[in-house]
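> Before we start, here is the structure in question, set down as C-alpha cells.
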Amino acid sequence: MPMRIEDILNHKGHEGHKDNHTKAPVFLCALRDLCGLTPMRTAWTFHSAVSLVFGRDSVRQLGDIVNRLPAKKVLVVTDPILVKAGVADAAINPLKAAGVAVTDFDGGQAEAPLAAVKACENAARAAKLDAIVALGGGSNMDIAKMTAVLLTHGGTIQDYLGDDRIPGPILPVICIPTTAGTGSEVSGAAAFTDTDNKVKVGCLSNYLRPRVAVVDPLLTVSCPPKVTADSGIDALTRAIEAFTAVNNEDFPLPAGERSVYQGRNPMGDLCAERAIKLCGQFLPRAAKNGKDLEAREGMALAAMLAGLAFSNVGVALVHAMEYPVGGATGCSHGAGNGLLLPHVMRFHLPLRTAEFAKVAEWLGEDVSGLNENDAAERAVTAVEKLLVDIGIPRKLREFGVTAEQLPSFAEKAVAIKRILRVNPRPVTAADCEAIYRAAL
Ligand SMILES: NC(=O)c1ccc[n+]([C@@H]2O[C@H](COP(=O)([O-])OP(=O)(O)OC[C@H]3O[C@@H](n4cnc5c(N)ncnc54)[C@H](O)[C@@H]3O)[C@@H](O)[C@H]2O)c1
Ligand SMILES: [Zn+2]
C-alpha cells in the first residue's frame with residue numbers, strides 16, 4: 001500500500017516497512033518509500049554553486065551579479081585563446097559597464113599546470129580583490145578556485161590537495177564556463193597538472209563551490225570541434241560514473257575520514273539521467289556543427305547537470321585511470337576519459353547491469369525485446385559509436401603510450417583512494433593493467 005503524506009507528517013511507518021536496520025529518521029525512510037526507493041542507512045546531502053544562472057546571453061547580467069555580491073574589484077581569469085576569440089570581452093564589458101574595477105589575468109592554460117595557479121595568485125595578490133571571475137573551461141575555472149583558496153587561507157597548493165582539506169570559506173568565485181564541459185562551475189573540485197611528477201592532482205572541498213555559476217551556452221559556440229568533443233565526452237563520463245557509482249549506504253568511508261563524495265543518491269541519479277540523455281541527443285550535433293545553438297544549449301545543460309551529479313556522488317575508475325595517462329602524455333582529460341570509458345564500463349557490467357541497460361536507452365538505443373544483459377551491452381557499443389562519431393582516439397598508443405608504461409600507470413591509478421572508493425567494484429592494480437592493455 002502506498003504511503004500517505006499524513007503518515008509521513010505523523011512520523012508513522014507503514015505496514016510491511018521492514019526497515020529494521022536503519023537509524024535514519026522515520027521521516028526520511030517514509031519519504032524514500034514514497035519515492036519507491038530502498039531505505040538507506042545513512043543520510044546524504046546535496047551541494048551546488050549557491051546560485052545558478054543559465055541561458056543564452058546570461059553573461060550580460062554579470063555586472064549586476066557582481067554588484068549584488070557585493071564586489072567592487074574583481075580579477076578576471078582567462079587565457080590568450082579566449083581573448084583572441086572575443087569571449088573574454090563578453091564577460092569584461094558588462095563588468096566595466098556596471099562600474100566594477102577589473103584586473104585581467106590571461107595566463108590560464110589548458111589542463112591547468114600548477115605554475116599557472118602560482119602566476120594567477122601573484123596577479124591576484126597585487127590586485128586586492130573582492131571576488132574572482134573565472135572565464136574558461138575547467139582549467140581556468142580550477143585555477144581561479146585554487147587562487148581564491150590561497151588568497152584566503154595562505155599556504156601552498158599541496159596543503160589542500162586531496163579530500164576535504166580546505167579549512168573554511170574562500171573569496172567568492174563566479175564561474176562562467178566556455179566549454180561544456182567539466183561542470184567545474186558547480187563542483188567542489190579542482191584539478192591540476194603536476195608537471196614535475198607527470199600526474200594530475202586534485203582537490204575536493206565543498207568550500208570550492210563557486211558563489212555563482214553563469215552558464216551562457218553562446219560562450220561555447222567558438223569552441224573548436226576537438227574541445228567540444230573532448231569536454232562533452234568528459235561530461236558523459238562523469239554522468240555515467242555517478243549513475244553507476246557505489247550506493248550511498250555502502251560508501252566505504254573509513255572512521256574519522258571525511259569526503260565530499262558520498263556515493264549514489266536520488267538527486268545525483270536525477271541529474272545524471274538527464275545529463276546522459278542530453279549528451280546522447282546533442283553531443284554529436286555540437287561536435288559536427290558548432291553553430292547549432294540548440295545542441296550547444298543542450299550540452300551546456302548536460303555539463304552543468306553532470307557536474308552536479310559527480311560532485312556529490314563522485315567519479316570513479318575511469319577518472320582514476322585517466323589521471324596517470326593525462327599526466328604522462330598531456331592528452332586532454334576528456335579525450336583520455338572517453339578512450340577509457342567503454343573499457344571500464346565493460347569491467348563494471350556484471351555489477352551494474354540494470355543501470356547500464358538504462359544508460360543504453362537514454363543514449364537512444366532501441367533495447368525493446370532485449371534481455372537486461374544484452375541491453376546493458378548496448379550501452380557500451382553506444383558509447384563506442386559515439387566516440388567514433390565525435391573523433392575521440394580509440395587506442396592509448398595514439399597518445400604515445402607504450403606497454404612498458406602500463407604497470408606504473410596501474411600503480412598510480414589504484415593509489416587514488418578518494419576516487420576509487422566511489423567505484424562500484426573493488427579494483428586491483430592487475431585489473432587496471434588489464435584494462436589499460438585492452439585499450440592500448
Ligand atoms: N573542477 C572540476 O570539477 C573538473 C571536472 C572535470 C575536469 N576538470 C579539469 O578541467 C580541465 C579541462 O577543462 P576543459 O575540458 O573545459 O578544457 P580546458 O579548460 O583545458 O580548455 C581547453 C582549450 O580550449 C580553449 N577554449 C575553451 N573555451 C573556448 C571557447 N569558447 N572558444 C575557443 N576556445 C576555447 C581553452 O583556451 C583551452 O586552450 C582539466 O584540467 C580537467 O582535469 C575539472
Ligand atoms: Zn572529468
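FYI, nothing fancy with the C-alpha cells labels: chains A, B, ... in order, residues from 1 per chain, ligands from 1 as they appear.
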Once you count only C-alpha atoms and all ligand atoms, which residues end up within 9 Å of ligand 2, and could you hand them over as a ChimeraX atom specification?

/A:181-183,231,233-238,307,310,315,318-319,322,333-334,337

> Please write the residues from the selection above to a file, keeping all heavy atoms, as a CSV table (one decimal), in the first residue's frame.


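Okay, out.csv is ready:
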```csv
chain,number,residue,atom,x,y,z
A,181,GLY,N,31.3,20.1,-20.9
A,181,GLY,CA,32.3,20.6,-20.0
A,181,GLY,C,32.3,19.9,-18.7
A,181,GLY,O,31.8,18.8,-18.4
A,182,THR,N,33.2,20.5,-18.0
A,182,THR,CA,33.7,19.9,-16.8
A,182,THR,C,32.7,19.9,-15.6
A,182,THR,O,32.8,19.2,-14.7
A,182,THR,CB,35.0,20.6,-16.3
A,182,THR,OG1,34.6,21.9,-16.0
A,182,THR,CG2,36.0,20.5,-17.4
A,183,GLY,N,31.8,20.9,-15.7
A,183,GLY,CA,30.9,21.1,-14.5
A,183,GLY,C,31.6,21.8,-13.4
A,183,GLY,O,31.1,21.9,-12.3
A,231,SER,N,35.5,17.8,-24.2
A,231,SER,CA,34.9,18.3,-23.0
A,231,SER,C,33.5,17.6,-22.9
A,231,SER,O,33.0,17.3,-21.8
A,231,SER,CB,34.8,19.8,-22.8
A,231,SER,OG,34.2,20.3,-24.0
A,233,ILE,N,32.6,14.6,-24.0
A,233,ILE,CA,32.7,13.2,-23.6
A,233,ILE,C,33.0,13.1,-22.1
A,233,ILE,O,32.7,12.2,-21.4
A,233,ILE,CB,33.6,12.4,-24.5
A,233,ILE,CG1,33.3,10.9,-24.4
A,233,ILE,CG2,35.1,12.6,-24.1
A,233,ILE,CD1,32.1,10.5,-25.1
A,234,ASP,N,33.7,14.1,-21.6
A,234,ASP,CA,34.0,14.2,-20.1
A,234,ASP,C,32.7,14.3,-19.3
A,234,ASP,O,32.5,13.6,-18.3
A,234,ASP,CB,35.0,15.4,-19.9
A,234,ASP,CG,35.5,15.4,-18.4
A,234,ASP,OD1,35.5,14.3,-17.8
A,234,ASP,OD2,35.8,16.5,-17.9
A,235,ALA,N,31.8,15.2,-19.8
A,235,ALA,CA,30.5,15.3,-19.1
A,235,ALA,C,29.8,14.0,-19.1
A,235,ALA,O,29.3,13.6,-18.1
A,235,ALA,CB,29.7,16.4,-19.8
A,236,LEU,N,29.8,13.3,-20.3
A,236,LEU,CA,29.1,12.0,-20.3
A,236,LEU,C,29.8,11.0,-19.4
A,236,LEU,O,29.1,10.2,-18.6
A,236,LEU,CB,29.1,11.4,-21.7
A,236,LEU,CG,28.4,10.1,-21.9
A,236,LEU,CD1,26.9,10.1,-21.5
A,236,LEU,CD2,28.6,9.5,-23.3
A,237,THR,N,31.1,11.0,-19.4
A,237,THR,CA,31.8,10.0,-18.5
A,237,THR,C,31.4,10.3,-17.0
A,237,THR,O,31.1,9.3,-16.3
A,237,THR,CB,33.3,10.3,-18.6
A,237,THR,OG1,33.7,10.1,-20.0
A,237,THR,CG2,34.1,9.3,-17.8
A,238,ARG,N,31.4,11.5,-16.6
A,238,ARG,CA,31.1,11.8,-15.2
A,238,ARG,C,29.7,11.5,-14.9
A,238,ARG,O,29.4,11.0,-13.8
A,238,ARG,CB,31.4,13.3,-14.9
A,238,ARG,CG,32.9,13.5,-14.7
A,238,ARG,CD,33.4,14.8,-14.5
A,238,ARG,NE,33.2,15.6,-15.6
A,238,ARG,CZ,32.3,16.6,-15.8
A,238,ARG,NH1,31.5,16.8,-14.8
A,238,ARG,NH2,32.2,17.3,-16.9
A,307,GLY,N,28.0,17.9,-13.7
A,307,GLY,CA,28.8,18.5,-12.6
A,307,GLY,C,28.1,18.3,-11.3
A,307,GLY,O,28.7,18.0,-10.3
A,310,PHE,N,28.2,14.4,-10.4
A,310,PHE,CA,29.5,13.8,-10.0
A,310,PHE,C,30.1,14.5,-8.7
A,310,PHE,O,30.7,13.8,-7.9
A,310,PHE,CB,30.6,13.9,-11.1
A,310,PHE,CG,31.5,15.0,-11.0
A,310,PHE,CD1,32.7,14.9,-10.2
A,310,PHE,CD2,31.3,16.2,-11.7
A,310,PHE,CE1,33.6,15.9,-10.1
A,310,PHE,CE2,32.2,17.3,-11.5
A,310,PHE,CZ,33.3,17.1,-10.8
A,315,VAL,N,33.3,10.6,-8.9
A,315,VAL,CA,33.7,9.9,-10.1
A,315,VAL,C,34.5,8.7,-9.7
A,315,VAL,O,34.9,8.6,-8.6
A,315,VAL,CB,34.5,10.8,-11.1
A,315,VAL,CG1,33.7,11.8,-11.8
A,315,VAL,CG2,35.7,11.5,-10.3
A,318,VAL,N,37.2,5.3,-14.3
A,318,VAL,CA,37.7,6.0,-15.5
A,318,VAL,C,38.6,7.1,-15.1
A,318,VAL,O,39.7,7.3,-15.7
A,318,VAL,CB,36.5,6.5,-16.4
A,318,VAL,CG1,37.0,7.1,-17.6
A,318,VAL,CG2,35.5,5.4,-16.7
A,319,HIS,N,38.1,8.0,-14.2
A,319,HIS,CA,38.9,9.1,-13.8
A,319,HIS,C,40.2,8.7,-13.2
A,319,HIS,O,41.3,9.3,-13.5
A,319,HIS,CB,38.1,10.1,-12.9
A,319,HIS,CG,37.3,11.0,-13.7
A,319,HIS,ND1,36.1,10.7,-14.3
A,319,HIS,CD2,37.4,12.4,-14.0
A,319,HIS,CE1,35.6,11.7,-14.9
A,319,HIS,NE2,36.4,12.8,-14.7
A,322,GLU,N,42.5,7.7,-15.9
A,322,GLU,CA,42.9,8.7,-16.8
A,322,GLU,C,44.0,9.6,-16.2
A,322,GLU,O,44.9,10.1,-17.0
A,322,GLU,CB,41.7,9.6,-17.2
A,322,GLU,CG,41.9,10.5,-18.4
A,322,GLU,CD,42.7,11.8,-18.1
A,322,GLU,OE1,42.6,12.3,-17.0
A,322,GLU,OE2,43.5,12.2,-19.0
A,333,HIS,N,42.1,15.8,-20.8
A,333,HIS,CA,41.4,15.0,-19.7
A,333,HIS,C,40.2,14.3,-20.4
A,333,HIS,O,39.9,13.1,-20.1
A,333,HIS,CB,41.0,15.9,-18.6
A,333,HIS,CG,40.0,15.3,-17.6
A,333,HIS,ND1,40.4,14.4,-16.7
A,333,HIS,CD2,38.7,15.5,-17.4
A,333,HIS,CE1,39.4,14.0,-15.9
A,333,HIS,NE2,38.3,14.7,-16.4
A,334,GLY,N,39.4,15.0,-21.2
A,334,GLY,CA,38.2,14.5,-21.8
A,334,GLY,C,38.5,13.3,-22.7
A,334,GLY,O,37.9,12.3,-22.7
A,337,ASN,N,39.6,10.2,-20.9
A,337,ASN,CA,38.4,9.6,-20.2
A,337,ASN,C,37.5,8.9,-21.3
A,337,ASN,O,37.1,7.7,-21.1
A,337,ASN,CB,37.5,10.7,-19.6
A,337,ASN,CG,37.9,11.0,-18.2
A,337,ASN,OD1,38.6,10.2,-17.5
A,337,ASN,ND2,37.5,12.1,-17.7
```

> Set the cut-off to 7 Å, count only C-alpha atoms and all ligand atoms, and list whatever residues fall near ligand 1 as JSON, numbers by chain.

{"A": [79, 80, 81, 82, 85, 87, 109, 110, 111, 112, 136, 137, 138, 139, 140, 142, 178, 179, 180, 181, 182, 183, 184, 187, 188, 189, 190, 191, 192, 193, 219, 220, 221, 222, 223, 224, 227, 230, 231, 234, 307, 311, 332, 333, 334]}

> Taking only stretch 177-399 of chain A into account, list the residues labelled strand (DSSP E or B) by DSSP (computed from the backbone), as a list in words.

Pro177, Ala189, Ala190, Ala191, Phe192, Thr193, Asp194, Val199, Lys200, Val201, Gly202, Cys203, Leu204, Val212, Ala213, Val214, Val215, Asn247 and Arg264 of chain A

> If you measure from atom CA of A:Ala309 to atom CA of A:Cys279, what distance in Å do you get, rounded to one decimal?

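So the answer is 14.2 Å.
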
> Counting only C-alpha atoms, what is within 9 Å of A:Leu62, bar same-chain residues fewer than 6 positions away, as a list in words?

Ala91, Ile92, Pro94, Leu95, Ala98 and Val214 of chain A

> Go ahead and dump the residues you just picked, N, CA, C and O atoms, as a JSON list (two decimals), in the first residue's frame.


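out_23.json written:
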```json
[["chain", "number", "residue", "atom", "x", "y", "z"],
["A", 91, "ALA", "N", 32.63, 38.91, -21.16],
["A", 91, "ALA", "CA", 32.47, 38.98, -19.70],
["A", 91, "ALA", "C", 32.96, 40.31, -19.15],
["A", 91, "ALA", "O", 32.38, 40.87, -18.21],
["A", 92, "ILE", "N", 34.05, 40.81, -19.73],
["A", 92, "ILE", "CA", 34.66, 42.02, -19.17],
["A", 92, "ILE", "C", 33.79, 43.26, -19.44],
["A", 92, "ILE", "O", 33.63, 44.12, -18.57],
["A", 94, "PRO", "N", 30.40, 43.76, -19.70],
["A", 94, "PRO", "CA", 29.31, 44.02, -18.75],
["A", 94, "PRO", "C", 29.82, 44.41, -17.35],
["A", 94, "PRO", "O", 29.15, 45.18, -16.64],
["A", 95, "LEU", "N", 31.00, 43.92, -16.98],
["A", 95, "LEU", "CA", 31.56, 44.30, -15.67],
["A", 95, "LEU", "C", 31.91, 45.78, -15.66],
["A", 95, "LEU", "O", 31.54, 46.53, -14.75],
["A", 98, "ALA", "N", 29.09, 48.12, -15.57],
["A", 98, "ALA", "CA", 28.43, 48.21, -14.26],
["A", 98, "ALA", "C", 29.31, 48.89, -13.22],
["A", 98, "ALA", "O", 28.99, 48.90, -12.03],
["A", 214, "VAL", "N", 27.46, 31.20, -13.93],
["A", 214, "VAL", "CA", 26.73, 31.86, -15.03],
["A", 214, "VAL", "C", 26.98, 31.02, -16.27],
["A", 214, "VAL", "O", 28.10, 31.01, -16.81]]
```

> Measuring between only C-alpha atoms, which one of A:Ile132, A:Ser48, A:Ala116, A:Leu270 shows the shortest distance to A:Val76?

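The closest residue to A:Val76 is A:Ile132.
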
> Using only C-alpha atoms, which of the listed residues (A:Asp216, A:Glu433, A:Glu241, A:Asp104) sits closest to A:Leu420?

A:Glu241

> Hey, what's within 9 Å of A:Ala320 if we count only C-alpha atoms and toss same-chain stuff fewer than 6 positions away? As number ranges by chain, please?

A: 412-417, 419-420

> Neighbours of A:Leu339 within 7 Å (only C-alpha atoms; same-chain residues fewer than 6 positions away dropped), as a PyMOL selection string?

chain A and resi 392-395

> Would you mind telling me which residue in A:Ala379, A:Phe46, A:Ala115, A:Gln262 lies nearest to A:Lys358 when using only C-alpha atoms?

A:Ala379

> For A:Pro177, which residue out of A:Leu204, A:Ala126, A:Val199, A:Ala213 is the nearest one, using only C-alpha atoms?

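Once distances to A:Pro177 are computed over only C-alpha atoms, the minimum belongs to A:Ala213.
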
> In Å to one decimal, how far is atom CA of A:Arg296 from atom CA of A:Val344?

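Computing it gives 27.6 Å between the two atoms.
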